[in-house]
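Student: If you scroll down you'll find the structure; I have some questions about it.
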There are 4 protein chains.
Amino acid sequence: MTTFSFLDDYSEGAHPDILRALADTNLVQQAPYGDDDYSADAASRIGAHLGEPFQGAIHFVASGTMANIVSISSCLRPHEAVIAAASGHIVVREAGAIEATGHKLILVPAVDGKITPENVKTALAANAHFPHMAKPRLIYLSNATETGTVYTLAELRRLSALARERGLILFLDGARLGAALASHKNDAALADIASLVDLFWIGGTKVGALLGEAIVVCNPALAEDFAFQLKQRGGMLAKGRLLGIQFRALFGDPPLFFDLARHANAMAARLAAGIASCGHGLAAPTETNQVFAILPDPVVVALRRDFAFYVWGESAPGQSVIRLVCSWATSADRVDAFVSRLASLSGPENAVLD
Amino acid sequence: MTTFSFLDDYSEGAHPDILRALADTNLVQQAPYGDDDYSADAASRIGAHLGEPFQGAIHFVASGTMANIVSISSCLRPHEAVIAAASGHIVVREAGAIEATGHKLILVPAVDGKITPENVKTALAANAHFPHMAKPRLIYLSNATETGTVYTLAELRRLSALARERGLILFLDGARLGAALASHKNDAALADIASLVDLFWIGGTKVGALLGEAIVVCNPALAEDFAFQLKQRGGMLAKGRLLGIQFRALFGDPPLFFDLARHANAMAARLAAGIASCGHGLAAPTETNQVFAILPDPVVVALRRDFAFYVWGESAPGQSVIRLVCSWATSADRVDAFVSRLASLSGPENAVLD
Amino acid sequence: MTTFSFLDDYSEGAHPDILRALADTNLVQQAPYGDDDYSADAASRIGAHLGEPFQGAIHFVASGTMANIVSISSCLRPHEAVIAAASGHIVVREAGAIEATGHKLILVPAVDGKITPENVKTALAANAHFPHMAKPRLIYLSNATETGTVYTLAELRRLSALARERGLILFLDGARLGAALASHKNDAALADIASLVDLFWIGGTKVGALLGEAIVVCNPALAEDFAFQLKQRGGMLAKGRLLGIQFRALFGDPPLFFDLARHANAMAARLAAGIASCGHGLAAPTETNQVFAILPDPVVVALRRDFAFYVWGESAPGQSVIRLVCSWATSADRVDAFVSRLASLSGPENAVLD
Amino acid sequence: MTTFSFLDDYSEGAHPDILRALADTNLVQQAPYGDDDYSADAASRIGAHLGEPFQGAIHFVASGTMANIVSISSCLRPHEAVIAAASGHIVVREAGAIEATGHKLILVPAVDGKITPENVKTALAANAHFPHMAKPRLIYLSNATETGTVYTLAELRRLSALARERGLILFLDGARLGAALASHKNDAALADIASLVDLFWIGGTKVGALLGEAIVVCNPALAEDFAFQLKQRGGMLAKGRLLGIQFRALFGDPPLFFDLARHANAMAARLAAGIASCGHGLAAPTETNQVFAILPDPVVVALRRDFAFYVWGESAPGQSVIRLVCSWATSADRVDAFVSRLASLSGPENAVLD
């Protein structure tokens, strides 16, 4: 890969502080399967952000799909279904992982990538012919969403109120929760989320860990026997310390987690501003670390010589939407290099566009 | 943990060469989900040990349970069952992971921890009342076995011949394959195993990796669409490089994999010899990196002040079997310290035994 | 139930010929689990309608949901998904039965209740990001559809051609296949269907059997080990004769199956004509045995005193769509009574409407 | 089948009273899916035998495997396992149906076909290494057992006490519950069973119904949402009346259920006595409607010309155990014909034995 990649936020290894923490603890013997001191300390540090005193359970797993599998299958009976946005990660990017555990997904249209109480209510009404229809039981959210948008505290409160009123479990996929919390659009704290949802997870992989996600089971009733699910689904690591050490580093004092997320968002904002300064539009506002730019196709072709990114779709004939993702590892230099190249391709005199 | 642990072979982090390889490659951007250069290189290096030219597929996953889940569920239809030793890891230590994918386990008695063709034949005969009985379709082996024993090449050949004759898939769980291959009892090469089984996996976690197992699908017919299974079960890491880098280091030139396994076995042999020199017996011959010692209960109690290990069971009134596991990280000093302490507890004059 | 019911086509027991066949054979001893002479004879009689010589397999099960579960789960690997109309029975009326076997449903919009090749192609294009997306592998059709419409032979041929071109399995849910084949819109024979799809089932329950559906596995490659699936899912009856005897009666000479379906369709046509004669519209053309009438709400309320039916939804303020289903057991007298009552409620002078 | 069959207790259709009930109600319109008057009445009649007032739920399904699937999967979380006798029907005769719902079976040795508290305790102790082992959560019993033996009230009480003490669900498969209750060894009433287990089912198929089993959910906590499971597993019949009508007939006044079971047991006793009178032994005492006779192989061969039965195994060289099953439809004439033929083959002068 000789070009610079804006493909995703997991193109590099780990933040150096995390690698250093692994090296520093490497030869200390620890109990396996998550029973190590580091995992306990990491859970305690995360718990300190969740409001006092945190009564639930925190578990670490290796991947986001695993976090979703374990969280969802742990708390549903066989006939219970998941309400998710049609654009939700579990719907379109996990190869049927949730259905493979036996559960139906009920799809609702997303508004700015987000689930709304109104759409949930419509889905409940349309899935009420019992027992012929699977019973809607859990609402799946992603924050940040798949399109980089962020739920406001008010939005989360309304969804939480609805869930409690209707006896639904509220679950939040936090693969990019760091980016959400670091967004200028965000007004929710981790403790708010912990008080509003039944369970959620904090993504480590996309914020600078080698791998790892922290599942937070806020509702104590759902915490019982949770570790069995981890084991049964293959989500429990022999060297659970590997996850604990990383989350301990992410939630140190001050917590790297928020710093790294803020950096990624800042780089995305810088990139978005640069793109705008070149006279190009955005397909969506840049709320987190993803930028969706609308560019003429010849510009896209030319940019690809030096930069990697996904073409998201066509916005108009001859115009494409491209996705550019910034991460903890994206430097301002690289962003500026992209903008500079874009500027050189964007002038009215530029031959590429002829 | 102030005592020294012989609990397992995953009490430490990773071999320093592996940590170094992670650090050296850390900021190089790579494609995600196993499509990185390091994983390709690791697969190529492993393939070079498998006989020429290797036609199958190699995938990396984070845990042994995941390797078993993916390997087994990928190649069975819903009504097909797994034949396994009653002592097999998937039977007694994976929380029902295989059944959770919908498949029955048919248990056979183990002989020295191993499956025999005779016992497989008995199971086939006893499970032939079709379609009322699930159809036996895959034989699950562990090498080294759960009790530390090793299959000889002749034993593997007989099982392979039986599997082919009866249309069964032969699958080998190699959580401790390194220990098996490094055993003085072993006469099989990796290439032999690749030619005799349909699929197997090479454990990295227990031989010095932070985590990671390499699934080798030898039978090309079983390789199709394998990556979907990884993704669906939550076994595909965004930073797949993490696994590729480690297996690249394990299968360098010379391959660390075999060196580390040999070291662990040598430490176990030293420990076994030391225990014998103190006048104590073994519950099983020490073929790999596990030692099963028979000790008087007061000695066990006394040893526990300084060393951690599992008590496996009672061998006679007042006598327990303890399991001591050595690893790449076990030093001769620690082994000698254990033996020295045991010696001090074992003399006829020693008060502990009174 | 003192009113007459147009709720569905399974409000009565069985056609008297079927009850008689059960009584006539009652004390003859037969082998269990579908290995009885009657089931063999029934399969042979059905096979005679499927083109010569029929090479596949025919199995009988107790319910339509079971027929769908067994048929679909038998021929898919875990990562393979089903393409279905959003209005499909497996999507909205089977409590997540297919997902409970581990498979994702990919929804496409229906056109007149039907799947179109164009919509399948769109779904294939939108679900091609492998291995992150489940692999579309089977197309699920219902004929007649959930809204009572019928696939033409040309439509089936286009879907079949697409399925073969793209390596997809074509599966047809025939809960109301009798009604479809007896429709004035139909130009396909059973043999056509057998040549165009990979597997399908012929509904008995809705055409006059006490219970029972005949699964026809046309593609011999899919027939292997099919009986295991029946057994494993609880779909194999000890007294399999119960299903065989009924299908033997339905496919006698002449086959009752077609006669009963024709009768139900004729009653629906009579009902539709009567409704029109009262000046009311239909929400859909009456192609099979279901009538979707648009009536003023006060008329609906008044009709409910004497007749049972489902209110399907609102078509305009003050107007509802009601579903009226006719069956083998619906007499012309009952249809006429309904129309007569409707007429009495529909005149401009009628007080109910004021 | 020109010979008379003692193969099983489901070789004929239904008891004539049941067929008559079907005919008598045939054209009465009823609500579908188990919401019919007959099913309600049948449940009420069964409830009257269960102690007053019965607080649980009763559902009817088409097959015994379905009854087991629905009952077990309804009340377990994914990591929870079933303790069953190694000879249990779900273990050896249901093609992996329970595992297909994701649950592990933990096998214990049977004593006279029965589970004992001691063996359950041993299994609990051996499966306590959590969360690495699936959690034992439900005890599966069959009564009568697979070998025709019957649990005494004292035995059931001890198992029930153990289950409650250990937080286990007690489930009883009653495929042949009629035979058990009608046994001379039985001292438990239906109401006793209902008070001791959490859920059980009453087999109809083997006692004279065309098909059908009544699931009795005694523990109200387990009754919630039970109907969803029926629907999702394909166990809900459109014409649920078919099951309701039959159980209404079986539990009339006086209840045919007990009469038919007593007849079958009486025929088995007559058969066992006849076999003994010919000088042959039994492999097991005849407690219900199954007779396990030990006969010389030439006698077995000769008997097969006129009678059908299963050869269960070899008891000694030249001696086989055969299973003979009597049913509601077995006449004393047929039993006597068998005994008479056996007598003719059993004399010292008989050439067959030479």
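We name chains A, B, ... following the order of the structure tokens; residues begin at 1 in each chain, and ligands are numbered from 1 as shown.
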Within range 113-296 of chain B, find each residue whose DSSP state, derived from the backbone, is strand (DSSP E), and express the selection as an NGL selection string.
Tutor: :B and (135-142 or 169-173 or 199-203 or 213-217 or 281-282 or 290-296)
Student: Dump as a list in words the residues of chain D that approach chain B to within 8 Å, counting only C-alpha atoms.
Tutor: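 Applying the cut-off to the listed atoms yields Pro78, His79, Ala81, Val92, Arg93, Glu94, Ala95, Gly96, Glu99, Ala100, Thr101, Gly102, His103, Lys104, Asn127, Pro131, His132, Met133, Ala134 and Lys135 of chain D.
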Student: Rank C:Ala214, C:Leu19, C:Val299, C:Ile322 by their smallest atom-to-atom distance to Leu242 in chain D, using only C-alpha atoms, and report the top residue only.
Tutor: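 Looking only at the distances to Leu242 in chain D, the closest residue turns out to be C:Leu19.
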Student: Quick check for you: according to DSSP on this backbone, which residues of range 150-219 of chain B are classed as helix (DSSP H, G or I)? Reply as a count of residues only.
Tutor: 29
Student: Tell me, in Å to one decimal, how far CA of Ala84 in chain B is from CA of Arg157 in chain B.
Tutor: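 Distance between the two atoms: 17.4 Å.
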Student: Which residues are close to Thr149 in chain B, i.e. within 12 Å by only C-alpha atoms, leaving aside same-chain residues fewer than 5 positions away? Reply as a PyMOL selection string.
Tutor: chain B and resi 110-115+141-144+176-177+179-186+265+284-292
Student: Name all residues at most 8 Å from Leu237 in chain B (count only C-alpha atoms; drop same-chain ones fewer than 6 positions away) and give them as a ChimeraX atom specification.
Tutor: /A:62-63,211 /B:32-34,61-62
Student: Can you pull out every residue within 10 Å of Asp36 in chain A, counting only C-alpha atoms, but drop anything in the same chain fewer than 5 positions away, and send it as a PyMOL selection string?
Tutor: (chain A and resi 29-31+41+239-242+244-245) or (chain B and resi 1+11)
Student: Please provide the set of residues having any atom within 9 Å of Leu210 in chain A, restricted to only C-alpha atoms, with same-chain residues fewer than 5 positions apart removed, written as a VMD selection string.
Tutor: (chain A and resid 10 12 to 15 18 to 19 204 to 205 243 246) or (chain B and resid 239 242)
Student: Report, in Å with one decimal, the straight-line distance from CA of Leu230 in chain B to CA of Arg166 in chain C.
Tutor: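 These atoms are spaced 23.8 Å apart.
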Student: Give me, please, the distance in Å between CA of Ser5 in chain D and CA of Arg334 in chain D, quoted to one decimal.
Tutor: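 Between CA of Ser5 in chain D and CA of Arg334 in chain D the gap works out to 9.5 Å.
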